[in-house]
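The structure file upload_32.cif is reproduced below (mmCIF, C-alpha atoms).
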data_data
loop_
_atom_site.label_atom_id
_atom_site.label_comp_id
_atom_site.auth_asym_id
_atom_site.auth_seq_id
_atom_site.Cartn_x
_atom_site.Cartn_y
_atom_site.Cartn_z
CA MET A 137 0.00 0.00 0.00
CA ARG A 138 1.56 3.26 -1.17
CA PHE A 139 0.55 6.84 -0.42
CA ALA A 140 0.29 7.48 -4.17
CA ASP A 141 -2.50 4.86 -4.30
CA ARG A 142 -4.67 7.07 -2.03
CA PRO A 143 -5.20 4.47 0.70
CA ALA A 144 -8.55 4.59 2.45
CA VAL A 145 -10.43 3.15 5.37
CA GLU A 146 -14.18 2.84 5.91
CA VAL A 147 -16.26 1.82 8.90
CA ASP A 148 -20.01 1.44 9.28
CA VAL A 149 -22.66 0.73 11.87
CA HIS A 150 -26.41 0.09 11.86
CA VAL A 151 -28.31 2.75 13.82
CA ASP A 152 -31.88 2.19 15.02
CA ALA A 153 -32.93 5.66 13.89
CA PRO A 154 -33.90 7.31 10.60
CA PRO A 155 -31.34 9.34 8.62
CA GLU A 156 -33.15 12.54 9.60
CA ARG A 157 -32.30 11.92 13.28
CA LEU A 158 -28.65 11.22 12.44
CA TRP A 159 -28.16 14.17 10.08
CA PRO A 160 -27.71 16.87 12.79
CA LEU A 161 -25.08 14.68 14.45
CA VAL A 162 -23.21 14.07 11.18
CA VAL A 163 -22.98 17.77 10.31
CA ASP A 164 -21.99 18.81 13.84
CA ILE A 165 -18.28 19.16 13.01
CA ASP A 166 -17.30 19.45 16.68
CA LEU A 167 -19.17 16.33 17.86
CA PRO A 168 -16.51 13.75 16.87
CA ALA A 169 -14.11 15.41 19.33
CA GLN A 170 -16.19 13.78 22.10
CA PHE A 171 -15.19 10.34 20.84
CA SER A 172 -11.86 10.72 19.01
CA SER A 173 -8.46 10.58 20.65
CA GLU A 174 -7.06 12.81 17.88
CA LEU A 175 -9.66 15.46 17.01
CA GLN A 176 -9.79 18.00 19.82
CA GLY A 177 -12.43 20.28 18.33
CA ALA A 178 -13.68 22.06 15.23
CA GLU A 179 -15.49 25.28 14.38
CA TRP A 180 -16.95 26.88 11.29
CA LEU A 181 -14.89 29.69 9.81
CA PRO A 182 -16.38 33.03 8.78
CA GLY A 183 -17.01 33.63 5.13
CA ALA A 184 -20.50 32.40 4.44
CA SER A 185 -23.59 34.41 5.22
CA ASP A 186 -24.81 31.43 7.23
CA PRO A 187 -21.81 29.45 8.48
CA GLY A 188 -22.52 25.79 8.76
CA PRO A 189 -22.90 22.72 6.62
CA ALA A 190 -22.98 23.75 2.96
CA VAL A 191 -20.78 23.01 -0.03
CA GLY A 192 -17.89 25.46 0.01
CA ALA A 193 -18.12 26.24 3.74
CA SER A 194 -14.87 25.83 5.64
CA PHE A 195 -13.96 24.86 9.17
CA ARG A 196 -10.88 24.63 11.33
CA GLY A 197 -10.02 21.41 13.13
CA ARG A 198 -7.66 21.11 16.09
CA ASN A 199 -5.85 17.79 16.42
CA THR A 200 -3.26 16.11 18.58
CA HIS A 201 -1.20 12.94 18.28
CA PRO A 202 1.37 11.55 20.72
CA ALA A 203 4.04 11.33 18.01
CA ARG A 204 3.36 14.72 16.44
CA GLY A 205 1.89 17.01 19.05
CA GLY A 206 -0.85 19.45 18.13
CA TRP A 207 -1.78 20.99 14.79
CA GLU A 208 -4.66 22.66 13.01
CA THR A 209 -6.21 22.05 9.62
CA VAL A 210 -8.69 23.90 7.46
CA SER A 211 -11.25 21.78 5.64
CA VAL A 212 -13.75 22.62 2.92
CA VAL A 213 -17.16 20.95 2.59
CA THR A 214 -17.30 19.18 -0.78
CA ALA A 215 -20.73 17.50 -0.50
CA CYS A 216 -23.75 18.26 1.66
CA GLU A 217 -26.81 16.29 0.56
CA GLU A 218 -29.25 16.18 3.48
CA PRO A 219 -29.86 13.58 4.88
CA ARG A 220 -27.51 11.24 3.03
CA LEU A 221 -23.99 12.61 2.42
CA PHE A 222 -21.63 15.01 4.16
CA ALA A 223 -18.03 15.18 2.87
CA TRP A 224 -15.03 17.46 3.19
CA ALA A 225 -11.47 17.87 1.96
CA VAL A 226 -8.61 18.76 4.29
CA GLY A 227 -6.65 21.60 2.73
CA ASP A 228 -7.05 22.39 -0.95
CA PRO A 229 -10.09 20.49 -2.32
CA ALA A 230 -8.22 19.98 -5.62
CA THR A 231 -5.31 18.23 -3.87
CA PRO A 232 -6.41 17.50 -0.31
CA SER A 233 -4.15 15.97 2.28
CA ALA A 234 -7.15 13.79 3.12
CA SER A 235 -10.83 13.47 2.22
CA TRP A 236 -13.53 12.45 4.68
CA ALA A 237 -17.22 11.57 4.36
CA PHE A 238 -20.26 10.39 6.26
CA GLU A 239 -22.88 8.50 4.27
CA LEU A 240 -26.34 7.64 5.58
CA THR A 241 -28.33 4.88 3.86
CA PRO A 242 -31.84 3.93 4.97
CA GLU A 243 -32.24 0.23 5.67
CA PRO A 244 -34.85 -1.89 7.45
CA GLY A 245 -35.12 -0.78 11.04
CA GLY A 246 -32.92 2.30 10.72
CA THR A 247 -29.88 3.62 8.91
CA ARG A 248 -26.49 2.33 7.79
CA LEU A 249 -24.03 5.05 8.90
CA ARG A 250 -20.65 4.94 7.15
CA GLN A 251 -17.55 7.04 7.58
CA ARG A 252 -14.72 7.01 5.07
CA ALA A 253 -11.26 8.59 5.09
CA GLU A 254 -8.90 8.68 2.12
CA LEU A 255 -5.30 9.86 2.37
CA GLY A 256 -3.80 12.24 -0.18
CA PRO A 257 -3.05 13.09 -2.83
CA GLY A 258 -1.77 16.35 -1.32
CA PRO A 259 1.05 16.44 1.22
CA SER A 260 0.49 16.16 4.96
CA GLY A 261 2.46 15.37 8.09
CA LEU A 262 2.26 11.74 7.01
CA THR A 263 4.09 12.40 3.74
CA ARG A 264 6.97 14.01 5.63
CA ILE A 265 7.28 10.90 7.81
CA ILE A 266 7.23 8.65 4.73
CA GLU A 267 9.90 10.79 3.05
CA SER A 268 12.14 10.38 6.10
CA MET A 269 11.67 6.57 6.15
CA PRO A 270 10.70 5.51 2.60
CA ASP A 271 11.51 1.86 3.28
CA LYS A 272 8.72 1.83 5.90
CA GLU A 273 6.01 3.48 3.78
CA GLU A 274 3.61 0.54 3.84
CA LEU A 275 3.96 0.09 7.59
CA ILE A 276 3.49 3.83 8.21
CA ILE A 277 0.34 3.92 6.09
CA ALA A 278 -1.11 0.76 7.65
CA ARG A 279 -0.55 2.19 11.13
CA ARG A 280 -2.17 5.52 10.20
CA LEU A 281 -5.21 3.82 8.68
CA GLU A 282 -5.52 1.71 11.83
CA GLU A 283 -5.51 4.86 13.97
CA HIS A 284 -8.18 6.44 11.77
CA GLN A 285 -10.26 3.25 11.90
CA THR A 286 -10.16 3.17 15.71
CA ASN A 287 -11.28 6.80 16.00
CA MET A 288 -13.91 6.40 13.30
CA LYS A 289 -15.41 3.35 15.05
CA ALA A 290 -15.56 5.30 18.32
CA THR A 291 -17.21 8.25 16.55
CA LEU A 292 -19.86 6.10 14.85
CA GLU A 293 -20.62 4.23 18.07
CA GLY A 294 -20.96 7.58 19.86
CA MET A 295 -23.31 8.92 17.20
CA LYS A 296 -25.29 5.68 17.33
CA ALA A 297 -25.72 6.00 21.10
CA LEU A 298 -26.85 9.62 20.79
CA ALA A 299 -29.29 8.88 17.93
CA GLU A 300 -30.78 5.86 19.67
CA GLY A 301 -31.10 7.62 23.02
CA ASP A 302 -34.24 9.19 24.36
CA PRO A 303 -34.86 12.32 22.26
CA GLY A 304 -36.56 13.99 25.22
#
Could you render the structure from this file as structure tokens?
Amino acid sequence: MRFADRPAVEVDVHVDAPPERLWPLVVDIDLPAQFSSELQGAEWLPGASDPGPAVGASFRGRNTHPARGGWETVSVVTACEEPRLFAWAVGDPATPSASWAFELTPEPGGTRLRQRAELGPGPSGLTRIIESMPDKEELIIARRLEEHQTNMKATLEGMKALAEGDPG
């Protein structure tokens, strides 16, 4: 697995709730910080007349990792199709350092909630690590995808618990 191949990871969970109940959770860009060990928080950036989930809107994310410390990113919403798809690109949407998405699919008894992350093609902190240890590229990528998968599972399980909880 090479960075140039745009490696990706996807996780999903069945939620006993309709997509309409999940949608506000999916577009709450700060909510995953409650469940992720890496994302510390996110907020919408000024620029739109109504900041929030819409194609072209941007937000800042604050992250931390034991091996890297803290950093911030700016992401741009690339898809916002209520109540089925919310996606964003980290950095320049034409060459993002990563692309992320939530997809909601109705199914019997609720919704299939998926989250996907794809690395590259633009540079990131990961590319600098790979450049310093090119012989370990596959191991570095596998480890990073595993970290993303762990945080994504925790986020989806957290959203599931919130959506299935008592709305009152």
Measuring between only C-alpha atoms, which one of A:Leu175, A:Ala278, A:Thr263, A:Leu158 shows the shortest distance to Thr241 (chain A)?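 Residue with the minimum atom-to-atom distance to Thr241 (chain A): A:Leu158.
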Expanded to explicit residues, what is the PyMOL selection byres ((chain A and resi 259-262) around 9) for this file, as a PyMOL selection string? chain A and resi 204+231-234+255-258+263-267+276-277+280
Figure out the distance between CA of Gly246 (chain A) and CA of Phe171 (chain A), please, to one decimal in Å.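 Between CA of Phe171 (chain A) and CA of Gly246 (chain A) the gap works out to 21.9 Å.
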If we count all atoms listed in the file, what is near His284 (chain A) at a cut-off of 9 Å, once residues fewer than 6 positions away on the same chain are taken out, given as a list in words? Val145, Glu174 and Ala253 of chain A
Counting all atoms listed in the file, which of A:Ala203, A:Glu239, A:Pro155, A:Val212 gets nearest to Gly183 (chain A)?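 Looking at the shortest contact to Gly183 (chain A), the residue is A:Val212.
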The PyMOL selection byres ((chain A and resi 299) around 10) - which residues does that actually catch in the file I just gave you? List them as an NGL selection string. :A and (151-161 or 293-298 or 300-303)
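Shortest separation to Pro189 (chain A) among A:Gly177, A:His201, A:Gln170, A:Glu218 occurs at residue A:Glu218, atoms counted being all atoms listed in the file.
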Take the PyMOL selection byres ((chain A and resi 224) around 7), run it mentally on this structure, and tell me the resulting residues as a PyMOL selection string. chain A and resi 211-215+223+225-226+235-237
Here CA of Glu243 (chain A) and CA of Arg220 (chain A) stand apart by 12.3 Å
What's the 7 Å shell around Glu208 (chain A), counting only C-alpha atoms, without same-chain residues fewer than 4 positions away, as a PyMOL selection string? chain A and resi 196-199
